[in-house]
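Source file: my_file-v9.txt (compact mmCIF, C-alpha atoms)
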# COMPACT_ATOMS: atom_id res chain seq x y z
CA VAL A 216 -34.59 19.94 104.78
CA PRO A 217 -35.68 23.55 104.86
CA PRO A 218 -39.34 24.17 105.29
CA PRO A 219 -41.23 24.97 102.21
CA GLY A 220 -41.34 28.60 101.38
CA PRO A 221 -44.45 30.55 100.85
CA ARG A 222 -46.34 29.72 97.68
CA PRO A 223 -46.58 32.47 95.18
CA PRO A 224 -49.96 33.98 94.85
CA GLU A 225 -52.21 32.76 92.07
CA GLY A 226 -51.63 34.46 88.81
CA ASP A 227 -47.95 34.94 89.51
CA GLU A 228 -46.73 31.79 87.59
CA PRO A 229 -43.18 32.19 86.19
CA PRO A 230 -43.15 32.95 82.49
CA PRO A 231 -42.37 29.95 80.26
CA ALA A 232 -38.88 29.68 78.91
CA GLN A 233 -38.53 31.40 75.55
CA THR A 234 -37.36 29.30 72.55
CA SER A 235 -35.61 30.86 69.56
CA ALA A 236 -37.83 30.94 66.42
CA PRO A 237 -36.22 29.73 63.06
CA LYS A 238 -34.84 32.48 60.96
CA PRO A 239 -36.36 32.82 57.51
CA ALA A 240 -34.03 31.78 54.57
CA PRO A 241 -32.55 34.64 52.62
CA ARG A 242 -34.70 35.43 49.63
CA GLY A 243 -31.73 35.40 47.24
CA ARG A 244 -30.94 31.75 47.92
CA SER A 245 -34.50 30.68 47.12
CA LYS A 246 -34.35 32.47 43.79
CA VAL A 247 -31.17 30.56 42.84
CA LYS A 248 -32.83 27.23 43.59
CA LEU A 249 -35.85 28.15 41.54
CA LEU A 250 -33.62 29.26 38.67
CA VAL A 251 -31.66 25.98 38.72
CA ILE A 252 -34.88 23.95 38.73
CA ALA A 253 -36.22 26.03 35.87
CA LEU A 254 -33.05 25.57 33.81
CA VAL A 255 -33.07 21.82 34.38
CA GLY A 256 -36.68 21.72 33.30
CA VAL A 257 -35.96 23.71 30.18
CA GLY A 258 -33.03 21.40 29.40
CA VAL A 259 -35.17 18.29 29.77
CA VAL A 260 -37.86 19.76 27.55
CA ALA A 261 -35.25 20.85 24.95
CA TYR A 262 -33.61 17.41 25.03
CA GLY A 263 -36.96 15.71 24.47
CA ALA A 264 -37.81 18.13 21.69
CA GLY A 265 -34.46 17.50 20.03
CA LEU A 266 -35.06 13.74 20.06
CA PHE A 267 -38.61 14.19 18.76
CA LEU A 268 -37.55 16.51 15.93
CA ASN A 269 -34.69 14.22 14.79
CA PRO A 270 -36.57 11.13 13.57
CA GLU A 271 -34.33 10.48 10.55
CA ASP A 272 -31.25 8.21 10.43
CA VAL A 273 -28.74 11.06 10.11
CA PRO A 274 -29.02 13.70 12.85
CA LYS A 275 -29.71 17.25 11.74
CA GLY A 276 -26.69 19.47 11.25
CA THR A 277 -24.47 16.53 10.20
CA GLU A 278 -21.81 17.33 7.59
CA VAL A 279 -19.30 15.11 5.80
CA LEU A 280 -16.44 16.73 3.87
CA GLY A 281 -18.47 19.96 3.85
CA ILE A 282 -21.61 18.23 2.49
CA ASP A 283 -24.78 18.66 4.59
CA ILE A 284 -26.52 15.29 4.98
CA GLY A 285 -28.39 16.13 8.20
CA GLY A 286 -32.01 15.00 8.54
CA MET A 287 -31.71 12.38 5.78
CA SER A 288 -32.19 8.65 5.75
CA THR A 289 -29.09 6.51 5.28
CA GLU A 290 -30.06 5.79 1.66
CA GLU A 291 -30.62 9.47 0.89
CA ALA A 292 -27.28 10.41 2.44
CA HIS A 293 -25.56 7.68 0.42
CA GLY A 294 -27.10 8.95 -2.81
CA LEU A 295 -26.15 12.57 -2.13
CA LEU A 296 -22.57 11.65 -1.22
CA ASP A 297 -22.29 9.54 -4.39
CA THR A 298 -23.34 12.50 -6.50
CA ARG A 299 -21.28 15.15 -4.77
CA LEU A 300 -18.12 13.04 -4.55
CA ASP A 301 -18.29 11.57 -8.06
CA ALA A 302 -15.64 13.96 -9.36
CA ALA A 303 -13.34 13.35 -6.38
CA ASN A 304 -13.58 9.58 -6.90
CA ASN A 305 -13.20 9.54 -10.68
CA GLU A 306 -11.38 12.58 -12.03
CA PRO A 307 -7.65 11.88 -12.55
CA LEU A 308 -5.02 13.35 -10.29
CA ILE A 309 -2.29 15.32 -12.05
CA LEU A 310 1.20 14.16 -11.06
CA VAL A 311 4.40 16.04 -11.81
CA ILE A 312 7.51 13.87 -12.09
CA ASP A 313 10.76 15.66 -12.76
CA GLY A 314 8.90 18.38 -14.66
CA GLN A 315 6.68 15.97 -16.62
CA GLU A 316 2.90 15.86 -16.05
CA VAL A 317 1.06 12.54 -16.04
CA GLU A 318 -2.47 11.54 -15.01
CA LEU A 319 -3.47 8.95 -12.43
CA LYS A 320 -7.06 7.75 -12.06
CA PRO A 321 -8.07 7.13 -8.42
CA THR A 322 -9.86 3.89 -9.36
CA VAL A 323 -6.65 2.52 -10.90
CA ALA A 324 -4.66 3.53 -7.82
CA GLY A 325 -7.06 2.00 -5.28
CA LEU A 326 -8.22 5.38 -3.91
CA ALA A 327 -11.88 6.14 -3.11
CA VAL A 328 -14.25 7.72 -0.64
CA ASP A 329 -16.49 4.85 0.48
CA THR A 330 -19.78 6.76 0.34
CA GLU A 331 -21.88 3.81 1.53
CA ALA A 332 -19.73 3.20 4.62
CA THR A 333 -19.60 6.96 5.27
CA ALA A 334 -23.41 7.25 5.19
CA ARG A 335 -23.77 4.29 7.54
CA GLY A 336 -21.21 5.75 9.92
CA ALA A 337 -22.99 9.12 10.02
CA SER A 338 -26.36 7.49 10.74
CA GLY A 339 -27.72 6.81 14.22
CA THR A 340 -28.82 9.21 16.89
CA ASP A 341 -26.16 10.92 18.94
CA TYR A 342 -27.72 10.91 22.43
CA SER A 343 -25.30 13.36 24.00
CA PRO A 344 -27.22 16.40 25.33
CA VAL A 345 -24.90 18.80 23.51
CA SER A 346 -25.67 17.24 20.10
CA VAL A 347 -29.41 16.73 20.71
CA ILE A 348 -30.09 20.22 22.06
CA GLY A 349 -27.64 21.80 19.61
CA SER A 350 -29.65 20.38 16.70
CA LEU A 351 -32.53 22.70 17.72
CA PHE A 352 -30.32 25.72 17.15
CA GLY A 353 -28.70 24.60 13.91
CA THR A 354 -25.39 23.47 15.43
CA SER A 355 -23.33 21.51 12.87
CA ARG A 356 -21.81 18.09 13.51
CA GLU A 357 -18.85 16.85 11.45
CA ALA A 358 -18.94 13.13 10.68
CA GLU A 359 -15.81 11.28 9.57
CA ALA A 360 -15.56 10.24 5.92
CA VAL A 361 -14.50 6.64 5.28
CA PHE A 362 -11.60 6.49 2.82
CA SER A 363 -10.74 3.26 1.01
CA VAL A 364 -6.99 3.13 0.29
CA ASP A 365 -5.35 0.06 -1.24
CA ARG A 366 -1.72 0.91 -0.51
CA GLU A 367 -0.28 -1.99 -2.53
CA LYS A 368 -2.39 -1.12 -5.57
CA LEU A 369 -1.38 2.54 -5.25
CA THR A 370 2.34 1.69 -5.12
CA VAL A 371 2.12 -0.61 -8.15
CA ALA A 372 0.18 2.01 -10.13
CA LEU A 373 2.81 4.64 -9.34
CA GLU A 374 5.66 2.33 -10.31
CA ASP A 375 4.00 1.59 -13.66
CA LEU A 376 3.22 5.27 -14.26
CA THR A 377 6.66 6.59 -13.35
CA SER A 378 8.76 3.90 -15.01
CA GLY A 379 9.24 6.09 -18.08
CA ALA A 380 9.38 9.42 -16.30
CA GLY A 381 11.30 11.11 -13.55
CA GLY A 382 14.82 10.84 -14.94
CA THR A 383 16.70 7.97 -16.47
CA GLY A 384 16.64 5.78 -13.41
CA PRO A 385 19.54 3.62 -12.24
CA VAL A 386 21.24 1.27 -14.71
CA ASP A 387 22.23 -2.12 -13.36
CA GLY A 388 25.68 -3.47 -13.96
CA THR A 389 25.91 -6.58 -16.11
CA VAL A 390 28.16 -9.01 -17.93
CA VAL A 391 27.89 -9.26 -21.72
CA PHE A 392 29.37 -11.85 -24.05
CA GLU A 393 30.94 -10.67 -27.30
CA ASN A 394 33.16 -12.64 -29.69
CA GLY A 395 34.04 -15.24 -27.10
CA GLN A 396 34.82 -12.70 -24.38
CA ALA A 397 33.03 -11.93 -21.09
CA ILE A 398 32.91 -8.16 -20.53
CA GLY A 399 31.81 -6.54 -17.29
CA ARG A 400 29.86 -3.30 -17.44
CA ALA A 401 29.49 -1.20 -14.32
CA GLY A 402 26.11 0.05 -13.16
CA GLN A 403 25.15 3.72 -12.95
CA ALA A 404 23.13 5.66 -10.40
CA GLY A 405 20.10 7.54 -11.65
CA SER A 406 17.16 9.64 -10.52
CA ALA A 407 13.82 8.01 -9.82
CA THR A 408 10.74 8.54 -7.69
CA ASP A 409 10.67 7.29 -4.12
CA PRO A 410 7.71 4.83 -4.14
CA ALA A 411 6.75 5.21 -0.45
CA ALA A 412 7.06 9.01 -0.41
CA ALA A 413 5.18 9.28 -3.72
CA ALA A 414 2.32 7.15 -2.37
CA ASP A 415 2.11 9.37 0.74
CA SER A 416 1.92 12.51 -1.40
CA VAL A 417 -0.76 11.12 -3.72
CA GLU A 418 -2.93 9.81 -0.88
CA ALA A 419 -2.73 13.15 0.95
CA ALA A 420 -3.65 15.04 -2.24
CA PHE A 421 -6.64 12.75 -2.84
CA ARG A 422 -7.95 13.26 0.69
CA GLU A 423 -7.52 17.03 0.43
CA ARG A 424 -9.34 17.17 -2.91
CA ALA A 425 -12.20 15.04 -1.57
CA ALA A 426 -12.60 17.52 1.28
CA GLY A 427 -13.17 20.32 -1.24
CA GLY A 428 -9.59 21.31 -1.87
CA PRO A 429 -8.31 22.31 -5.32
CA ASN A 430 -7.24 19.72 -7.87
CA GLN A 431 -3.66 20.93 -7.95
CA PRO A 432 -0.78 19.03 -9.57
CA VAL A 433 1.07 16.78 -7.12
CA GLU A 434 4.85 17.10 -7.26
CA LEU A 435 6.31 13.66 -6.65
CA PRO A 436 9.66 13.48 -4.86
CA VAL A 437 12.58 12.38 -7.05
CA THR A 438 15.67 10.91 -5.42
CA THR A 439 19.00 9.52 -6.56
CA ARG A 440 18.98 5.74 -6.53
CA GLU A 441 21.91 3.36 -6.76
CA PRO A 442 21.73 0.38 -9.13
CA LEU A 443 20.63 -2.97 -7.76
CA VAL A 444 23.64 -4.62 -9.40
CA GLY A 445 26.81 -2.79 -8.48
CA GLU A 446 30.51 -3.21 -9.17
CA GLU A 447 30.92 -5.98 -6.60
CA GLN A 448 28.19 -8.14 -8.16
CA VAL A 449 29.59 -7.60 -11.67
CA GLN A 450 33.08 -8.70 -10.60
CA GLN A 451 31.66 -11.75 -8.82
CA ALA A 452 29.68 -12.74 -11.94
CA LEU A 453 32.78 -12.40 -14.11
CA GLU A 454 34.90 -14.60 -11.86
CA GLU A 455 32.28 -17.25 -11.10
CA PHE A 456 30.65 -17.61 -14.52
CA GLY A 457 31.62 -15.19 -17.29
CA GLU A 458 35.32 -15.98 -17.56
CA PRO A 459 34.99 -19.77 -17.05
CA ALA A 460 32.16 -19.91 -19.63
CA MET A 461 34.34 -18.23 -22.24
CA SER A 462 37.47 -20.25 -21.43
CA GLY A 463 36.96 -22.81 -24.18
CA TRP A 464 34.67 -25.15 -26.04
CA VAL A 465 31.82 -27.19 -24.55
CA TRP A 466 30.20 -30.38 -25.92
CA LEU A 467 26.43 -30.72 -25.62
CA SER A 468 25.65 -34.43 -25.36
CA ALA A 469 22.31 -36.26 -25.38
CA ALA A 470 21.68 -39.99 -25.95
CA GLY A 471 25.21 -40.43 -27.33
CA ILE A 472 24.90 -37.54 -29.78
CA GLU A 473 27.43 -34.72 -29.27
CA LEU A 474 27.50 -31.16 -30.54
CA PRO A 475 30.68 -29.07 -30.05
CA ILE A 476 30.04 -25.40 -29.27
CA SER A 477 32.79 -22.76 -29.29
CA GLN A 478 32.88 -19.79 -26.96
CA GLN A 479 32.29 -17.51 -29.95
CA THR A 480 29.08 -19.41 -30.74
CA LEU A 481 28.00 -19.33 -27.09
CA SER A 482 28.32 -15.54 -27.09
CA GLY A 483 25.27 -15.33 -29.34
CA VAL A 484 22.93 -17.16 -26.94
CA LEU A 485 24.36 -16.37 -23.52
CA SER A 486 23.56 -13.40 -21.24
CA MET A 487 23.26 -12.54 -17.54
CA GLU A 488 20.27 -11.02 -15.75
CA PRO A 489 19.88 -9.71 -12.17
CA SER A 490 17.94 -11.67 -9.59
CA ASP A 491 15.71 -10.03 -6.97
CA GLN A 492 18.70 -10.09 -4.61
CA GLY A 493 20.88 -8.19 -7.09
CA ASN A 494 23.05 -11.12 -8.17
CA LEU A 495 23.68 -11.77 -11.87
CA GLN A 496 22.43 -15.14 -13.11
CA PRO A 497 23.25 -16.78 -16.48
CA VAL A 498 20.48 -17.06 -19.04
CA ILE A 499 20.53 -18.99 -22.35
CA ASP A 500 18.16 -17.89 -25.10
CA PRO A 501 16.12 -21.03 -25.91
CA ASP A 502 15.19 -19.89 -29.43
CA GLY A 503 18.81 -19.10 -30.25
CA LEU A 504 19.92 -22.43 -28.83
CA ALA A 505 17.32 -24.34 -30.86
CA GLU A 506 18.51 -22.58 -34.00
CA LEU A 507 22.10 -23.38 -33.06
CA TYR A 508 21.70 -27.16 -32.84
CA GLY A 509 18.96 -27.41 -35.50
CA SER A 510 18.02 -31.05 -36.17
CA THR A 511 21.01 -32.56 -34.36
CA PHE A 512 18.93 -33.95 -31.53
CA ASP A 513 15.82 -34.94 -33.47
CA GLY A 514 14.37 -38.14 -32.06
CA VAL A 515 15.98 -37.66 -28.64
CA MET A 516 13.50 -38.23 -25.82
CA ILE A 517 13.78 -37.26 -22.17
CA ASP A 518 12.50 -39.37 -19.30
CA ALA A 519 10.44 -36.81 -17.36
CA GLY A 520 9.38 -39.28 -14.67
CA SER A 521 5.77 -39.44 -15.84
CA GLY A 522 6.78 -40.55 -19.33
CA LEU A 523 9.00 -39.72 -22.30
CA VAL A 524 8.93 -36.22 -23.81
CA GLU A 525 10.81 -34.68 -26.72
CA MET A 526 14.07 -32.92 -25.88
CA THR A 527 13.65 -29.14 -25.78
CA PRO A 528 16.11 -26.20 -25.70
CA GLU A 529 15.29 -25.86 -22.00
CA HIS A 530 16.67 -29.36 -21.37
CA ALA A 531 19.84 -28.41 -23.25
CA ALA A 532 20.22 -25.09 -21.35
CA ALA A 533 19.79 -26.85 -18.00
CA ALA A 534 22.68 -29.15 -18.93
CA LEU A 535 24.94 -26.38 -20.25
CA ILE A 536 24.83 -23.77 -17.47
CA PRO A 537 26.36 -25.85 -14.62
CA VAL A 538 29.19 -27.05 -16.89
CA LEU A 539 29.98 -23.51 -18.08
CA ARG A 540 30.77 -22.53 -14.50
CA GLU A 541 33.89 -24.72 -14.71
CA PRO A 542 36.89 -23.60 -16.81
CA ALA A 543 37.77 -25.62 -19.92
CA VAL A 544 41.04 -27.53 -19.62
CA ALA A 545 41.21 -29.26 -22.99
CA ASN A 546 39.46 -29.33 -26.34
CA GLU A 547 40.00 -33.04 -26.88
CA GLY A 548 40.11 -36.24 -24.90
CA PRO A 549 38.38 -37.17 -21.66
CA ASP A 550 38.96 -33.74 -20.09
CA ARG A 551 36.67 -31.98 -22.50
CA ARG A 552 33.80 -30.04 -20.97
CA ILE A 553 30.74 -32.16 -21.67
CA ALA A 554 27.22 -31.00 -20.85
CA GLU A 555 25.24 -34.24 -20.58
CA VAL A 556 21.45 -33.97 -20.90
CA GLU A 557 20.14 -36.28 -18.16
CA GLY A 558 17.51 -38.89 -18.94
CA ALA A 559 18.06 -38.66 -22.71
CA THR A 560 17.34 -41.65 -24.92
CA LEU A 561 16.79 -42.26 -28.61
CA GLY A 562 13.29 -42.98 -29.86
For the structure just supplied, provide its representation as structure tokens.
Amino acid sequence: VPPPGPRPPEGDEPPPAQTSAPKPAPRGRSKVKLLVIALVGVGVVAYGAGLFLNPEDVPKGTEVLGIDIGGMSTEEAHGLLDTRLDAANNEPLILVIDGQEVELKPTVAGLAVDTEATARGASGTDYSPVSVIGSLFGTSREAEAVFSVDREKLTVALEDLTSGAGGTGPVDGTVVFENGQAIGRAGQAGSATDPAAAADSVEAAFRERAAGGPNQPVELPVTTREPLVGEEQVQQALEEFGEPAMSGWVWLSAAGIELPISQQTLSGVLSMEPSDQGNLQPVIDPDGLAELYGSTFDGVMIDAGSGLVEMTPEHAAAALIPVLREPAVANEGPDRRIAEVEGATLG
């Protein structure tokens, strides 16, 4: 171990080690922080002020269909919307169908602006900062209008309104009975309005008018439509009913009383009408049938299950139609076509 060296003289202590002092932050960065804090503070104050100054149900600056309802209670907004939209809800729309003008009232067509639901929907504070602070500077807010549209009612109203307009419309084929003969008549195509497209056009026009648009005539689309009963259905009706019905006589029988009816006589009470599926079905005119048999079946009663009832032309028609589907093979003897009224009894 080396001997200790000479001690330094007093007052010659080594200087303490120097430590680096922290550098002061750039002044620009401090200003940015202060600015951010100030902006946040201003925003908080503005947000609070916006909430304080919007005590009503409908926030300020709220508009519906161009109508300013901001700052109102729900009831006040409802009343104003009722007044301002009265014309839109009640004045008729002008429809143009194949060059003809007709009127359609919105109430009849199931069209309306639901002012009560619209006022309720526009009420309630919007707590988003953009809306609250924007209300201080007059920023507008568009609320959605509530439209009430009864599509089924609209379609029915248009069908009723356009039934006599927009062209002749298609003519269904049919089978007619004249002088003991069944005659097929072909259907014809015609022009008519398209119900779905017409409803779309009318609804769009109503919404546009309610939003402040002009009350311009609405041109409804007209298309060519084929008849429900075409040539195929007419031919089928001839083969399955028309020709067999007119092939000979038929005897209407009830409680042992018989009434012979020729095909010429049947022609006056018999017709065919289309079903919803487009098939032709036979129809017998009950008044004509009652006149035809007169008092022949007076006193004939029908067992209806719950008791006896007087025989009616409907009972006779129900017996005739199935038998007329079969061709007549003889006018006399057991092979005659007999239409037996079931459950018939005298007295």
Option closest in space to Ser288 of chain A, from A:Ser338, A:Asn305, A:Ser406, A:Gln315 [counting all atoms listed in the file] =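 Using all atoms listed in the file, Ser288 of chain A sits closest to A:Ser338.
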Residues within 6 Å of (20.3, 1.8, -7.3), file coordinates, counting all atoms listed in the file: what are they? Give the list as a PDB file with C-alpha atoms, in the frame of the given file.
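Dumped to part.pdb:
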ATOM      1  CA  PRO A 385      19.540   3.620 -12.240  1.00  0.00           C
ATOM      2  CA  ALA A 404      23.130   5.660 -10.400  1.00  0.00           C
ATOM      3  CA  ARG A 440      18.980   5.740  -6.530  1.00  0.00           C
ATOM      4  CA  GLU A 441      21.910   3.360  -6.760  1.00  0.00           C
ATOM      5  CA  PRO A 442      21.730   0.380  -9.130  1.00  0.00           C
ATOM      6  CA  LEU A 443      20.630  -2.970  -7.760  1.00  0.00           C
TER       7      LEU A 443
END
For atom CA of Glu423 of chain A and atom CA of Asp409 of chain A, quote the distance in Å rounded to one decimal.
->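 Separation of atom CA of Glu423 of chain A and atom CA of Asp409 of chain A: 21.1 Å.
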What is the distance between atom CA of Pro307 of chain A and atom CA of Ile284 of chain A, in Å to one decimal?
-> 26.0 Å
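Atom pair atom CA of Ala559 of chain A / atom CA of Met526 of chain A has a distance of 7.7 Å (rounded to one decimal).
For the choices A:Val433, A:Leu376, A:Val390, A:Ala420, the atom-to-atom distance to Ala303 of chain A is smallest for A:Ala420 when using all atoms listed in the file.
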Could you check which of A:Gly457, A:Gly388, A:Gly276, A:Gly325 is closest to Val371 of chain A, using only C-alpha atoms?
->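 Smallest distance to Val371 of chain A is found for A:Gly325.
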